[in-house]
file input.tsv (TSV, C-alpha atoms)
chain	number	residue	atom	x	y	z
K	1	MET	CA	-46.11	-104.48	2.38
K	2	ILE	CA	-47.42	-101.13	1.14
K	3	TRP	CA	-50.13	-101.22	3.82
K	4	LEU	CA	-47.47	-101.66	6.47
K	5	LEU	CA	-45.59	-98.62	5.20
K	6	ILE	CA	-48.77	-96.55	5.03
K	7	GLY	CA	-49.68	-97.54	8.59
K	8	LEU	CA	-46.19	-96.83	9.88
K	9	THR	CA	-46.11	-93.45	8.15
K	10	THR	CA	-49.49	-92.50	9.59
K	11	TYR	CA	-48.32	-93.51	13.07
K	12	ILE	CA	-45.09	-91.51	12.72
K	13	VAL	CA	-46.95	-88.40	11.52
K	14	THR	CA	-49.39	-88.63	14.41
K	15	ALA	CA	-46.63	-89.14	16.99
K	16	SER	CA	-44.56	-86.33	15.47
K	17	LEU	CA	-47.45	-83.87	15.66
K	18	GLY	CA	-48.14	-84.83	19.28
K	19	THR	CA	-44.45	-84.52	20.19
K	20	ALA	CA	-44.09	-81.18	18.42
K	21	ALA	CA	-47.17	-79.86	20.25
K	22	GLN	CA	-45.84	-81.00	23.63
K	23	LEU	CA	-42.46	-79.40	22.96
K	24	GLY	CA	-44.12	-76.15	21.96
K	25	LEU	CA	-42.83	-76.30	18.40
K	26	VAL	CA	-46.36	-76.26	16.98
K	27	ASN	CA	-49.47	-74.59	18.33
K	28	THR	CA	-52.30	-77.03	17.70
K	29	ARG	CA	-54.97	-75.10	19.58
K	30	PRO	CA	-56.65	-73.75	16.41
K	31	PHE	CA	-56.76	-77.24	14.93
K	32	ARG	CA	-56.64	-79.53	17.95
K	33	TRP	CA	-58.89	-81.94	16.07
K	34	ALA	CA	-56.03	-82.71	13.64
K	35	HIS	CA	-54.18	-84.93	16.12
K	36	HIS	CA	-57.41	-86.76	16.94
K	37	ALA	CA	-58.20	-87.21	13.25
K	38	LEU	CA	-54.71	-88.63	12.70
K	39	PHE	CA	-55.25	-90.96	15.68
K	40	ALA	CA	-58.41	-92.24	13.96
K	41	ALA	CA	-56.43	-92.62	10.72
K	42	VAL	CA	-53.90	-94.78	12.57
K	43	TRP	CA	-56.74	-97.08	13.63
K	44	VAL	CA	-58.12	-97.21	10.08
K	45	THR	CA	-54.73	-98.01	8.55
K	46	LEU	CA	-54.09	-100.66	11.20
K	47	ILE	CA	-57.43	-102.32	10.45
K	48	VAL	CA	-56.80	-102.20	6.71
K	49	LEU	CA	-53.33	-103.65	7.29
K	50	VAL	CA	-54.74	-106.56	9.29
K	51	VAL	CA	-57.44	-107.26	6.69
K	52	MET	CA	-55.14	-107.01	3.67
K	53	MET	CA	-52.24	-108.96	5.15
K	54	TRP	CA	-54.27	-111.57	7.02
K	55	GLY	CA	-52.38	-114.84	7.36
K	56	THR	CA	-48.85	-113.45	7.40
K	57	ALA	CA	-46.75	-114.46	10.38
K	58	TRP	CA	-45.46	-110.96	11.11
K	59	LEU	CA	-49.00	-109.64	11.57
K	60	VAL	CA	-48.91	-110.90	15.16
K	61	ALA	CA	-46.87	-107.76	15.92
K	62	ALA	CA	-50.05	-105.75	15.30
K	63	LEU	CA	-51.43	-106.91	18.64
K	64	PRO	CA	-49.18	-104.69	20.81
K	65	ILE	CA	-49.94	-101.78	18.48
K	66	ALA	CA	-53.67	-102.26	18.95
K	67	VAL	CA	-53.31	-102.61	22.71
K	68	SER	CA	-51.17	-99.48	23.04
K	69	MET	CA	-53.57	-97.53	20.81
K	70	ALA	CA	-56.55	-98.73	22.85
K	71	ILE	CA	-55.12	-97.60	26.19
K	72	LEU	CA	-53.36	-94.45	24.92
K	73	PRO	CA	-56.38	-92.14	25.41
K	74	ARG	CA	-56.57	-93.18	29.08
K	75	PHE	CA	-53.34	-91.29	29.78
K	76	LYS	CA	-53.24	-87.52	29.81
K	77	ALA	CA	-51.34	-86.04	26.87
K	78	GLY	CA	-47.76	-85.13	27.67
K	79	THR	CA	-47.42	-87.51	30.58
K	80	ARG	CA	-44.70	-90.13	30.75
K	81	ALA	CA	-47.32	-92.89	30.49
K	82	HIS	CA	-48.83	-91.37	27.32
K	83	CYS	CA	-45.42	-91.02	25.70
K	84	THR	CA	-44.31	-94.51	26.75
K	85	CYS	CA	-47.50	-96.04	25.43
K	86	ALA	CA	-47.07	-94.26	22.09
K	87	LEU	CA	-43.45	-95.39	21.88
K	88	ILE	CA	-44.44	-99.00	22.52
K	89	GLY	CA	-46.79	-98.81	19.56
K	90	LEU	CA	-44.08	-97.23	17.40
K	91	ALA	CA	-41.53	-99.86	18.43
K	92	SER	CA	-44.06	-102.58	17.61
K	93	TYR	CA	-44.51	-101.11	14.15
K	94	GLY	CA	-40.72	-101.19	13.80
K	95	VAL	CA	-40.59	-104.84	14.83
K	96	MET	CA	-43.36	-105.64	12.37
K	97	LEU	CA	-41.47	-103.87	9.55
K	98	VAL	CA	-38.21	-105.69	10.27
K	99	TRP	CA	-40.05	-109.01	10.57
K	100	ALA	CA	-41.92	-108.44	7.28
K	101	VAL	CA	-38.72	-107.52	5.44
K	102	ALA	CA	-36.86	-110.52	6.90
K	103	LEU	CA	-39.58	-112.91	5.74
K	104	GLY	CA	-39.64	-111.32	2.31

call {"tool": "encode", "arguments": {"input": "input.tsv", "output": "C-alpha cells"}}
result
Amino acid sequence: MIWLLIGLTTYIVTASLGTAAQLGLVNTRPFRWAHHALFAAVWVTLIVLVVMMWGTAWLVAALPIAVSMAILPRFKAGTRAHCTCALIGLASYGVMLVWAVALG
C-alpha cells in the first residue's frame, strides 16, 4: 500500500505544479525541466507499484493511469484535453486507493 501512496503523492505533486504554472502562481521557466522530471517520476512510481503489488485485484485500475499518462504529452499544456487527461489519471489513482483500502 505504501507504493500506492507514493505514486499518488508523486502524481498530485506533478499535477499541482502544472496547475500552478498554468494559473500563473509559479513561474517555471527557469526550471521548466522540473515538471518533466516529475512526469518521469510518476512513470517510475507507477512501474514500481505494478511490480511490487502484482497480483492484487485493485491493480487493474493502473491501466487507465498508464493510458492517460501515455497520451498526455500529445496534448498541448494548458489545453482542456491536457487537463482532462491528467484528471482522468488522478481519478483513476483515487479509484485504486479506495479499492485497495476496501479490500484491505

call {"tool": "residues_around", "arguments": {"input": "input.tsv", "residues": "stretch 43-49 of chain K", "least_positions_apart": "5", "cutoff": "12 Å", "atoms": "only C-alpha atoms", "output": "PyMOL selection string"}}
result
chain K and resi 1-11+14+36-38+54-56+58-70+89+93+96

call {"tool": "atom_distance", "arguments": {"input": "input.tsv", "atom1": "atom CA of K:Phe39", "atom2": "atom CA of K:Leu87"}}
result
14.0 Å

call {"tool": "residues_around", "arguments": {"input": "input.tsv", "residues": "K:Ala57", "least_positions_apart": "5", "cutoff": "10 Å", "atoms": "all atoms listed in the file", "output": "ChimeraX atom specification"}}
result
/K:96,99-100,103

call {"tool": "atom_distance", "arguments": {"input": "input.tsv", "atom1": "atom CA of K:Ile71", "atom2": "atom CA of K:Thr19"}}
result
17.9 Å

call {"tool": "residues_around", "arguments": {"input": "input.tsv", "residues": "K:Ala21", "least_positions_apart": "5", "cutoff": "12 Å", "atoms": "only C-alpha atoms", "output": "PyMOL selection string"}}
result
chain K and resi 14-16+26-32+34-35+77-78

call {"tool": "closest_residue", "arguments": {"input": "input.tsv", "among": "K:Ile12, K:Trp33, K:Ala41, K:Gln22", "to": "K:Lys76", "atoms": "all atoms listed in the file"}}
result
K:Gln22

call {"tool": "atom_distance", "arguments": {"input": "input.tsv", "atom1": "atom CA of K:Arg80", "atom2": "atom CA of K:Val13"}}
result
19.4 Å
